[in-house]
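What follows is my_file-v6.txt (compact mmCIF, C-alpha atoms).
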```txt
# COMPACT_ATOMS: atom_id res chain seq x y z
CA MET A 167 -2.38 0.47 24.93
CA ILE A 168 -2.94 3.56 22.81
CA PHE A 169 -1.85 3.34 19.17
CA LEU A 170 -0.75 6.34 17.16
CA TRP A 171 -0.24 6.02 13.40
CA ALA A 172 1.55 8.87 11.56
CA ASN A 173 1.52 9.61 7.84
CA LYS A 174 2.83 12.79 6.19
CA ARG A 175 0.58 12.65 3.11
CA ASP A 176 -2.70 14.57 2.90
CA TRP A 177 -6.14 13.22 3.71
CA ARG A 178 -7.84 11.91 0.55
CA HIS A 179 -4.51 11.76 -1.25
CA PRO A 180 -4.93 9.64 -4.42
CA GLY A 181 -3.20 6.29 -4.48
CA PRO A 182 -2.75 3.66 -1.79
CA ILE A 183 -0.41 5.32 0.76
CA VAL A 184 -2.95 7.14 2.95
CA ASN A 185 -5.54 4.43 2.37
CA ILE A 186 -3.15 1.77 3.71
CA GLY A 187 -2.22 3.83 6.78
CA LEU A 188 -5.85 4.61 7.51
CA ARG A 189 -6.89 0.97 7.32
CA ASN A 190 -4.08 -0.06 9.65
CA ALA A 191 -5.33 2.53 12.14
CA TYR A 192 -9.01 1.78 11.59
CA HIS A 193 -8.72 -1.92 12.27
CA LEU A 194 -6.63 -1.33 15.39
CA ALA A 195 -9.50 0.86 16.59
CA GLU A 196 -12.04 -1.75 15.53
CA ALA A 197 -10.12 -4.30 17.61
CA GLY A 198 -10.84 -2.16 20.67
CA PHE A 199 -7.72 0.00 20.98
CA GLU A 200 -7.85 3.77 21.23
CA THR A 201 -6.15 4.76 17.97
CA HIS A 202 -5.04 8.13 16.61
CA PHE A 203 -4.24 8.73 12.94
CA CYS A 204 -2.14 11.84 12.21
CA LEU A 205 -1.72 13.12 8.65
CA GLY A 206 -1.93 16.20 6.43
CA ALA A 207 -5.24 18.06 6.46
CA GLY A 208 -5.88 18.00 2.72
CA PRO A 209 -8.75 20.05 1.24
CA ASP A 210 -11.56 21.25 3.51
CA SER A 211 -14.15 18.53 4.04
CA GLU A 212 -16.14 16.71 6.71
CA THR A 213 -13.96 13.87 8.02
CA ASN A 214 -16.67 11.35 8.92
CA GLU A 215 -18.40 11.90 5.59
CA ASP A 216 -15.09 11.25 3.80
CA LEU A 217 -14.56 8.16 5.93
CA THR A 218 -17.92 6.79 4.82
CA LYS A 219 -18.14 7.90 1.20
CA PHE A 220 -14.50 8.09 0.09
CA TYR A 221 -12.85 5.34 2.15
CA ARG A 222 -15.89 3.04 2.66
CA LEU A 223 -15.39 2.86 6.45
CA ALA A 224 -18.03 3.49 9.11
CA PRO A 225 -16.91 6.03 11.75
CA ILE A 226 -16.10 4.46 15.14
CA LEU A 227 -15.54 6.19 18.46
CA SER A 228 -12.14 4.61 19.15
CA LEU A 229 -10.59 6.09 15.97
CA HIS A 230 -9.44 9.72 16.17
CA ILE A 231 -8.29 11.35 12.94
CA HIS A 232 -6.03 14.39 13.29
CA ARG A 233 -5.85 16.41 10.06
CA ILE A 234 -2.96 18.85 10.36
CA THR A 235 -2.23 21.68 7.94
CA ARG A 236 1.00 21.27 5.97
CA LYS A 237 1.10 24.81 4.60
CA GLY A 238 4.64 26.12 4.54
CA LEU A 239 5.82 29.71 4.85
CA VAL A 240 6.98 30.52 1.31
CA ASP A 241 5.34 29.20 -1.86
CA LEU A 242 7.63 28.23 -4.73
CA ARG A 243 7.93 29.73 -8.20
CA ARG A 244 5.94 32.88 -7.45
CA GLY A 245 3.13 31.00 -5.79
CA ARG A 246 2.56 28.36 -8.46
CA TYR A 247 3.60 25.57 -6.09
CA GLN A 248 2.30 25.61 -2.54
CA ALA A 249 5.00 25.21 0.08
CA THR A 250 4.34 22.32 2.45
CA THR A 251 5.97 20.96 5.58
CA SER A 252 5.56 17.78 7.62
CA ARG A 253 6.96 19.30 10.81
CA ARG A 254 3.53 20.16 12.18
CA ILE A 255 2.41 16.55 11.78
CA PHE A 256 5.50 15.27 13.58
CA ALA A 257 5.05 17.90 16.31
CA GLN A 258 1.48 16.68 16.81
CA VAL A 259 2.82 13.16 17.34
CA SER A 260 5.04 14.46 20.15
CA HIS A 261 2.19 16.50 21.64
CA LEU A 262 -0.20 13.55 21.67
CA ALA A 263 2.41 11.21 23.17
CA LYS A 264 3.09 13.67 26.00
CA ARG A 265 -0.64 14.10 26.66
CA PHE A 266 -1.41 10.39 26.70
CA LEU A 267 1.51 9.57 29.00
CA ALA A 268 0.24 12.15 31.49
CA GLN A 269 -3.21 10.54 31.45
CA GLN A 270 -2.46 6.81 31.78
CA PRO A 271 0.39 4.47 32.77
CA GLU A 272 0.41 2.12 29.77
CA PRO A 273 2.92 2.58 26.93
CA ILE A 274 2.09 4.56 23.80
CA ILE A 275 2.65 2.65 20.54
CA ILE A 276 3.70 4.83 17.60
CA LEU A 277 3.79 3.42 14.06
CA THR A 278 4.82 5.02 10.79
CA ARG A 279 6.10 4.32 7.30
CA GLU A 280 7.87 7.70 7.09
CA PRO A 281 11.70 7.60 7.32
CA SER A 282 11.68 11.34 8.06
CA LEU A 283 9.80 10.67 11.31
CA LEU A 284 12.48 8.27 12.60
CA PRO A 285 14.64 10.96 14.30
CA ARG A 286 11.63 12.14 16.31
CA LEU A 287 10.71 8.56 17.25
CA ALA A 288 14.26 7.95 18.45
CA TRP A 289 14.07 11.17 20.49
CA LEU A 290 10.72 10.17 22.04
CA ARG A 291 12.16 6.75 22.96
CA ARG A 292 15.14 8.43 24.60
CA ARG A 293 13.02 10.99 26.45
CA TYR A 294 10.29 8.67 27.75
CA GLY A 295 12.08 5.32 27.83
CA ASN A 296 9.91 2.23 27.56
CA ARG A 297 6.72 4.22 28.02
CA VAL A 298 6.92 4.98 24.29
CA ARG A 299 7.38 2.15 21.78
CA ALA A 300 8.07 2.91 18.13
CA PHE A 301 7.73 0.74 15.01
CA TYR A 302 8.55 1.31 11.36
CA GLU A 303 6.52 -0.23 8.52
CA ALA A 304 8.97 -0.57 5.64
CA HIS A 305 7.80 -0.03 2.06
CA ASP A 306 11.23 -0.17 0.41
CA TYR A 307 14.77 -0.94 1.59
CA TYR A 308 17.06 2.04 2.03
CA ALA A 309 19.40 0.81 4.76
CA ASP A 310 21.73 -0.76 2.18
CA LEU A 311 21.58 0.68 -1.35
CA SER A 312 24.07 -1.75 -2.86
CA TRP A 313 21.19 -3.53 -4.62
CA LYS A 314 20.59 -0.38 -6.67
CA LYS A 315 24.22 -0.41 -7.82
CA THR A 316 23.96 -4.09 -8.74
CA GLU A 317 20.79 -3.39 -10.77
CA ASP A 318 22.42 -0.30 -12.32
CA THR A 319 19.60 1.82 -10.88
CA ARG A 320 20.22 5.50 -10.33
CA ILE A 321 20.66 6.43 -6.66
CA LYS A 322 18.86 9.72 -6.02
CA SER A 323 19.69 12.24 -3.33
CA SER A 324 16.45 11.29 -1.55
CA ASP A 325 17.60 7.64 -1.48
CA LEU A 326 20.85 8.67 0.21
CA ARG A 327 18.98 10.76 2.76
CA GLN A 328 16.57 7.95 3.60
CA SER A 329 19.43 5.46 3.79
CA TRP A 330 21.13 7.68 6.35
CA LEU A 331 17.90 7.98 8.34
CA GLU A 332 17.32 4.22 8.42
CA ARG A 333 20.90 3.27 9.31
CA LEU A 334 21.20 5.86 12.05
CA PHE A 335 17.77 5.72 13.69
CA LEU A 336 16.25 2.27 13.15
CA PRO A 337 18.55 0.73 15.81
CA ARG A 338 17.03 3.25 18.27
CA ILE A 339 13.41 2.15 17.92
CA ASP A 340 11.64 -1.13 18.78
CA GLY A 341 10.82 -2.99 15.59
CA ILE A 342 10.24 -3.23 11.86
CA ILE A 343 7.15 -4.45 10.03
CA GLY A 344 8.04 -5.84 6.61
CA ILE A 345 5.48 -6.18 3.81
CA THR A 346 7.28 -9.04 2.03
CA ASN A 347 9.17 -11.96 3.51
CA GLU A 348 12.30 -11.14 1.51
CA GLN A 349 12.28 -7.51 2.65
CA THR A 350 11.83 -8.56 6.28
CA GLN A 351 14.87 -10.85 6.04
CA LEU A 352 16.96 -8.03 4.58
CA TYR A 353 16.18 -5.79 7.54
CA ALA A 354 16.69 -8.62 10.02
CA ARG A 355 20.19 -9.22 8.66
CA GLN A 356 21.01 -5.51 8.59
CA PHE A 357 19.72 -4.93 12.15
CA PRO A 358 20.04 -8.27 13.98
CA ARG A 359 19.07 -6.80 17.37
CA LEU A 360 15.86 -5.26 16.08
CA ALA A 361 12.55 -7.16 16.28
CA CYS A 362 11.18 -7.84 12.76
CA ILE A 363 7.94 -9.34 11.52
CA TYR A 364 6.56 -10.07 8.05
CA LEU A 365 2.97 -8.90 7.59
CA PRO A 366 1.63 -8.45 4.05
CA LEU A 367 -0.79 -5.57 3.62
CA GLY A 368 -4.44 -6.39 4.22
CA THR A 369 -7.72 -6.81 2.36
CA GLU A 370 -11.00 -5.13 3.20
CA LEU A 371 -13.51 -7.96 3.10
CA PRO A 372 -16.80 -7.41 1.19
CA ALA A 373 -20.04 -7.56 3.17
CA ASP A 374 -21.75 -10.22 1.02
CA PRO A 375 -19.25 -12.16 -1.12
CA GLU A 376 -21.81 -14.89 -1.76
CA LYS A 377 -23.89 -12.41 -3.78
CA THR A 378 -21.23 -12.25 -6.50
CA ASP A 379 -22.61 -13.37 -9.87
CA ILE A 380 -19.53 -15.29 -11.00
CA GLU A 381 -20.79 -16.11 -14.48
CA LYS A 382 -21.86 -12.54 -15.15
CA ARG A 383 -18.39 -11.31 -14.19
CA ARG A 384 -16.69 -13.89 -16.38
CA ALA A 385 -18.88 -12.80 -19.29
CA HIS A 386 -17.47 -9.25 -19.13
CA ARG A 387 -14.18 -10.68 -20.47
CA ARG A 388 -12.35 -7.62 -19.10
CA LEU A 389 -8.86 -7.84 -17.61
CA VAL A 390 -8.13 -4.96 -15.25
CA TYR A 391 -4.83 -3.42 -14.25
CA VAL A 392 -5.07 -1.10 -11.23
CA GLY A 393 -2.23 1.23 -10.26
CA ARG A 394 0.46 3.54 -11.57
CA LEU A 395 1.07 3.44 -15.32
CA THR A 396 4.85 3.13 -15.28
CA GLN A 397 7.24 0.91 -17.19
CA SER A 398 8.41 -1.19 -14.21
CA LYS A 399 4.80 -2.30 -13.71
CA GLY A 400 4.98 -4.30 -16.95
CA LEU A 401 2.70 -2.17 -19.10
CA GLN A 402 4.61 -2.64 -22.35
CA SER A 403 4.53 -6.41 -21.94
CA LEU A 404 0.77 -6.27 -21.39
CA LEU A 405 0.20 -4.12 -24.45
CA HIS A 406 2.19 -6.60 -26.55
CA SER A 407 -0.45 -9.19 -25.62
CA THR A 408 -3.40 -7.16 -26.88
CA SER A 409 -3.59 -8.70 -30.36
CA LEU A 410 -3.93 -12.16 -28.80
CA LEU A 411 -6.49 -10.89 -26.30
CA ALA A 412 -8.52 -9.11 -28.99
CA ALA A 413 -8.68 -12.31 -31.02
CA ALA A 414 -10.31 -13.96 -27.99
CA ASN A 415 -12.71 -11.02 -27.46
CA ILE A 416 -10.99 -9.94 -24.22
CA ARG A 417 -10.68 -6.26 -23.29
CA LEU A 418 -7.75 -4.75 -21.37
CA ALA A 419 -8.55 -1.96 -18.90
CA PHE A 420 -6.01 0.31 -17.19
CA TRP A 421 -7.48 1.94 -14.07
CA GLY A 422 -5.02 4.36 -12.52
CA GLY A 423 -2.31 6.91 -13.19
CA ASN A 424 -2.91 10.44 -14.40
CA ASP A 425 -4.30 11.74 -17.70
CA ALA A 426 -0.86 12.10 -19.30
CA GLN A 427 0.04 8.49 -18.47
CA ALA A 428 -3.32 7.30 -19.77
CA GLN A 429 -2.74 9.11 -23.07
CA LYS A 430 0.66 7.46 -23.38
CA VAL A 431 -0.91 4.04 -22.87
CA LYS A 432 -3.56 4.75 -25.51
CA LYS A 433 -0.86 5.93 -27.93
CA MET A 434 1.13 2.72 -27.40
CA ALA A 435 -2.01 0.63 -27.90
CA HIS A 436 -2.70 2.50 -31.16
CA GLU A 437 0.84 1.74 -32.36
CA PHE A 438 0.18 -1.95 -31.70
CA GLY A 439 -3.09 -1.66 -33.64
CA SER A 440 -5.15 -2.68 -30.62
CA ASP A 441 -6.55 0.57 -29.23
CA GLN A 442 -10.11 -0.72 -29.81
CA CYS A 443 -9.70 -3.31 -27.06
CA VAL A 444 -7.82 -1.07 -24.60
CA GLU A 445 -9.50 1.37 -22.20
CA THR A 446 -8.04 3.76 -19.62
CA LEU A 447 -9.45 5.57 -16.60
CA SER A 448 -7.48 7.78 -14.20
CA SER A 449 -7.21 7.22 -10.44
CA ARG A 450 -10.43 7.40 -8.42
CA SER A 451 -11.61 7.06 -4.84
CA PRO A 452 -11.39 3.71 -2.99
CA GLU A 453 -15.20 3.61 -2.99
CA ALA A 454 -15.51 4.11 -6.76
CA LEU A 455 -12.71 1.62 -7.46
CA ALA A 456 -14.34 -1.01 -5.25
CA ALA A 457 -17.68 -0.59 -7.01
CA ALA A 458 -16.04 -0.98 -10.43
CA LEU A 459 -14.03 -4.05 -9.41
CA ALA A 460 -17.18 -5.67 -8.02
CA THR A 461 -19.25 -5.16 -11.16
CA GLU A 462 -17.09 -4.50 -14.24
CA ALA A 463 -13.95 -6.70 -14.00
CA SER A 464 -13.40 -10.37 -14.82
CA ALA A 465 -9.83 -10.76 -13.56
CA GLY A 466 -7.00 -8.65 -12.17
CA LEU A 467 -3.49 -8.20 -13.57
CA ILE A 468 -0.12 -7.81 -11.84
CA PRO A 469 2.41 -7.89 -14.72
CA LEU A 470 5.44 -6.69 -12.75
CA GLU A 471 8.83 -6.70 -14.44
CA ASP A 472 11.46 -9.00 -12.94
CA ASP A 473 13.76 -6.65 -11.05
CA TYR A 474 15.12 -6.51 -7.51
CA TYR A 475 12.47 -4.14 -6.19
CA ASN A 476 9.55 -6.08 -7.67
CA ARG A 477 10.93 -9.43 -6.53
CA ASN A 478 11.70 -8.46 -2.96
CA LEU A 479 10.32 -5.12 -1.79
CA THR A 480 6.77 -4.58 -3.03
CA CYS A 481 3.43 -5.87 -1.80
CA PRO A 482 1.18 -4.88 -4.73
CA ALA A 483 -1.83 -3.07 -3.28
CA LYS A 484 -3.77 -3.88 -6.44
CA GLY A 485 -3.54 -7.58 -5.56
CA LEU A 486 -5.32 -6.88 -2.28
CA ASP A 487 -8.14 -5.15 -4.16
CA TYR A 488 -8.50 -8.13 -6.47
CA LEU A 489 -8.58 -10.64 -3.60
CA ALA A 490 -11.11 -8.61 -1.65
CA HIS A 491 -13.57 -8.90 -4.55
CA GLY A 492 -12.86 -12.53 -5.30
CA LEU A 493 -11.22 -11.66 -8.61
CA PRO A 494 -8.80 -14.25 -10.02
CA THR A 495 -5.42 -12.70 -10.79
CA ILE A 496 -2.88 -13.23 -13.55
CA ALA A 497 0.50 -12.23 -12.13
CA SER A 498 4.21 -12.29 -12.86
CA ASP A 499 5.77 -15.25 -11.11
CA LEU A 500 7.84 -13.46 -8.44
CA PRO A 501 8.39 -14.09 -4.71
CA SER A 502 6.45 -10.92 -3.87
CA THR A 503 3.33 -11.90 -5.83
CA ARG A 504 3.36 -15.49 -4.58
CA GLY A 505 3.76 -14.23 -1.02
CA LEU A 506 0.67 -12.09 -1.39
CA LEU A 507 -1.63 -14.17 -3.60
CA GLY A 508 -0.64 -17.59 -2.26
CA SER A 509 -0.46 -20.94 -4.01
CA SER A 510 -4.00 -22.23 -3.61
CA GLY A 511 -5.46 -21.24 -6.98
CA ALA A 512 -6.35 -17.55 -6.55
CA ALA A 513 -3.70 -16.60 -9.13
CA ARG A 514 -2.32 -17.82 -12.42
CA TYR A 515 1.45 -17.18 -12.47
CA VAL A 516 3.27 -16.32 -15.69
CA ALA A 517 6.94 -15.60 -16.37
CA ALA A 518 7.55 -11.86 -16.11
CA GLY A 519 7.71 -10.11 -19.48
CA ASP A 520 5.92 -12.91 -21.38
CA PRO A 521 3.01 -11.36 -23.38
CA SER A 522 1.97 -14.69 -24.87
CA GLY A 523 1.96 -16.31 -21.44
CA PHE A 524 -0.32 -13.62 -20.02
CA ALA A 525 -2.70 -13.87 -22.97
CA GLN A 526 -2.81 -17.68 -22.86
CA ALA A 527 -3.46 -17.67 -19.10
CA ALA A 528 -6.27 -15.13 -19.54
CA VAL A 529 -7.95 -17.07 -22.35
CA ALA A 530 -7.71 -20.36 -20.46
CA LEU A 531 -9.19 -18.76 -17.34
CA LEU A 532 -12.08 -16.93 -19.00
CA ASP A 533 -12.99 -19.73 -21.40
CA ASP A 534 -13.43 -22.34 -18.64
CA ALA A 535 -16.37 -21.65 -16.31
CA LYS A 536 -15.33 -24.32 -13.82
CA SER A 537 -11.74 -23.09 -13.52
CA TYR A 538 -12.94 -19.50 -13.23
CA GLN A 539 -15.32 -20.37 -10.41
CA ALA A 540 -12.63 -22.31 -8.55
CA ALA A 541 -10.19 -19.39 -8.86
CA THR A 542 -12.86 -16.96 -7.60
CA LEU A 543 -13.56 -19.07 -4.51
CA ALA A 544 -9.82 -19.48 -3.87
CA ALA A 545 -9.39 -15.68 -4.04
CA LEU A 546 -12.11 -15.19 -1.42
CA VAL A 547 -10.41 -17.70 0.89
CA ARG A 548 -7.05 -16.00 0.44
CA ALA A 549 -8.68 -12.63 1.18
CA GLN A 550 -9.74 -13.98 4.58
CA GLU A 551 -6.18 -15.14 5.28
CA VAL A 552 -4.66 -11.70 4.58
CA SER A 553 -7.50 -9.48 5.81
CA TRP A 554 -6.79 -6.28 7.75
CA LYS A 555 -8.40 -7.92 10.78
CA SER A 556 -5.94 -10.82 10.60
CA ARG A 557 -3.00 -8.46 10.03
CA VAL A 558 -3.86 -6.25 13.00
CA SER A 559 -4.25 -9.28 15.26
CA GLN A 560 -0.70 -10.39 14.40
CA LEU A 561 0.61 -6.83 14.72
CA VAL A 562 -0.79 -6.50 18.24
CA GLU A 563 0.83 -9.79 19.27
CA PHE A 564 4.15 -8.63 17.83
CA VAL A 565 3.96 -5.37 19.79
CA ARG A 566 3.03 -7.18 22.98
CA ALA A 567 5.97 -9.54 22.55
CA THR A 568 8.37 -6.58 22.39
CA LEU A 569 6.78 -5.16 25.55
CA ARG A 570 7.49 -8.41 27.36
```
Could I get this structure in the form of structure tokens?
Amino acid sequence: MIFLWANKRDWRHPGPIVNIGLRNAYHLAEAGFETHFCLGAGPDSETNEDLTKFYRLAPILSLHIHRITRKGLVDLRRGRYQATTSRRIFAQVSHLAKRFLAQQPEPIIILTREPSLLPRLAWLRRRYGNRVRAFYEAHDYYADLSWKKTEDTRIKSSDLRQSWLERLFLPRIDGIIGITNEQTQLYARQFPRLACIYLPLGTELPADPEKTDIEKRRAHRRLVYVGRLTQSKGLQSLLHSTSLLAAANIRLAFWGGNDAQAQKVKKMAHEFGSDQCVETLSSRSPEALAAALATEASAGLIPLEDDYYNRNLTCPAKGLDYLAHGLPTIASDLPSTRGLLGSSGAARYVAAGDPSGFAQAAVALLDDAKSYQAATLAALVRAQEVSWKSRVSQLVEFVRATLR
């Protein structure tokens, strides 16, 4: 089998989206399958050097990265905003499928998380029959937007477009990969004839986890939040806990977002009188983030608010980073976080929106060396269970089952 993974974002795009797609493709290649990863070209750079230094992955011969220019014809607002298009990326998917099918008899497996690619996947399935198999990795749930109405969440025009794409074209492909169990069940009920599987996103395992100096990390007394600095992520609740954390000599670090978001967080911390124990740092490369998590953090935070999306549709990428480095996590007690972090001691679960609960859990964890060590070891075990290698193995079996 040849695998082809398509993503419309640019190479080295900040945030987890490209990183997640790349690691899916990389570990398929590492498992011995010829794998092609198609995405936007991004800024000029040497791909293998980026793979090593930016993404922390050693180049391998079975992985082929296709960086395709997304430059559109007409820039917007007198050239201030560059026009981009994903059509060239999608056209490359068709071109590669045609080429591979002419070269070998086995089916081509195409995977994507892009709803806008679904019409082309349906067309390829119709044109080539079972020689092309197509799968959609869901990172939301657009097929039925009634949950947004129930939550009184604004339905944007892009939501309506993606809902139309999912409802019309998902029945014409081969399967759905859900990233939470609840999300997978939603799709299975919506499309009962479509093969569905639940596979949480994966962890990149460290080379030498036994070299971690657990006591040194605990002594940092630094809680780290990684990710976007938006309200639904529970930032306000965290900042309300800062006075309790400061009293216990615990620092709160926000690693992510842009400069404007970081300034807003600092301003809120100042209003709470706790800016001395709060630090912010904007998004950085996967390599730089991994180095910081390995050496500067004591525990990770996932303080998600309790809403429909956070309960059912998100697999927090930050939790994977924490597990990979053996960091204990303090998380909102939601189905999505329990599904990712497990119930074997890697995480301390707190009611969503409870600042005192988060602070108390942090103090109890960092003040008790034995509990901290046990949580660290549990995190490393959980990281093995949800590694990219494990995920890809299950994904390949799922694909093979649909071929049968």
request  = Please indicate the distance in Å from CA of Glu551 (chain A) to CA of Ile343 (chain A), rounded to one decimal place.
outcome  =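 One can read the CA of Glu551 (chain A) to CA of Ile343 (chain A) distance as 17.7 Å.
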message = Could you check the closest approach to Val516 (chain A) for each of A:Ala304, A:Leu569, A:Leu404, A:Leu371 and tell me which residue wins, using all atoms listed in the file?
response =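 Nearest to Val516 (chain A): A:Leu404.
Here CA of Ile234 (chain A) stands at a distance of 4.6 Å from CA of Ala207 (chain A).
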message = With distances taken over only C-alpha atoms, which residue among A:Asn214, A:Ser537, A:Thr378, A:Ser509 lies nearest Gly492 (chain A)?
response =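 Ranked by minimum distance to Gly492 (chain A), first place goes to A:Thr378.
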request  = Measuring atom to atom with all atoms listed in the file, identify which of A:Val558, A:Thr346, A:Lys237, A:Lys433 is nearest to Gly187 (chain A).
outcome  =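 Among the listed residues, A:Val558 lies closest to Gly187 (chain A).
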request  = Compile the contact shell of Phe256 (chain A) as a PyMOL selection string: residues with an atom at most 10 Å away, counting all atoms listed in the file, same-chain residues fewer than 5 positions apart removed.
outcome  = chain A and resi 172-174+204-205+234+251+261+282-284+286-287
Long-range neighbours of region 269-274 of chain A as JSON, numbers by chain, 8 Å cut-off, all atoms listed in the file, 4 positions minimum in chain = {"A": [167, 168, 169, 170, 263, 265, 296, 297, 298, 299]}
Centre and edges of the region 308-320 of chain A box, axis-aligned, 5 Å extra per side, as JSON:
```
{"center_x": 20.6, "center_y": 0.7, "center_z": -3.8, "size_x": 17.2, "size_y": 19.6, "size_z": 27.1}
```
inquiry  = Could you check the closest approach to Arg178 (chain A) for each of A:Ser252, A:Ser553, A:Gln349, A:Ser449 and tell me which residue wins, using only C-alpha atoms?
reply    =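 Of the candidates, the smallest distance to Arg178 (chain A) is held by A:Ser449.
Between Thr278 (chain A) and the residues A:Leu365, A:Trp171, A:Ala412, A:Leu561, the shortest atom-to-atom distance, using all atoms listed in the file, involves A:Trp171.
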task = Pull the neighbourhood of (-17.1, -12.0, -19.5) for me: all residues within 9 Å in file coordinates, counting all atoms listed in the file, as a ChimeraX atom specification.
result = /A:381-388,416,463-464,532-533
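Taking all atoms listed in the file into account, the protein, DNA and RNA residues within 6 Å of (-14.8, -7.2, -1.4) read Leu371, Pro372, Ala490 and His491 of chain A.
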task = Calculate how many Å separate CA of Arg338 (chain A) from CA of Arg291 (chain A), rounding to one decimal.
result =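 For CA of Arg338 (chain A) relative to CA of Arg291 (chain A), the distance reads 7.6 Å.
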ask   = For Asp520 (chain A), which residue among A:Leu389, A:Ala497, A:Ala541, A:Ala197 is the nearest when counting only C-alpha atoms?
value =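 Closest to Asp520 (chain A) of all the choices is A:Ala497.
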key: Polymer residues at most 10 Å from Leu401 (chain A), all atoms listed in the file, same-chain spacing of 5 or more positions, as a count of residues only   = 13
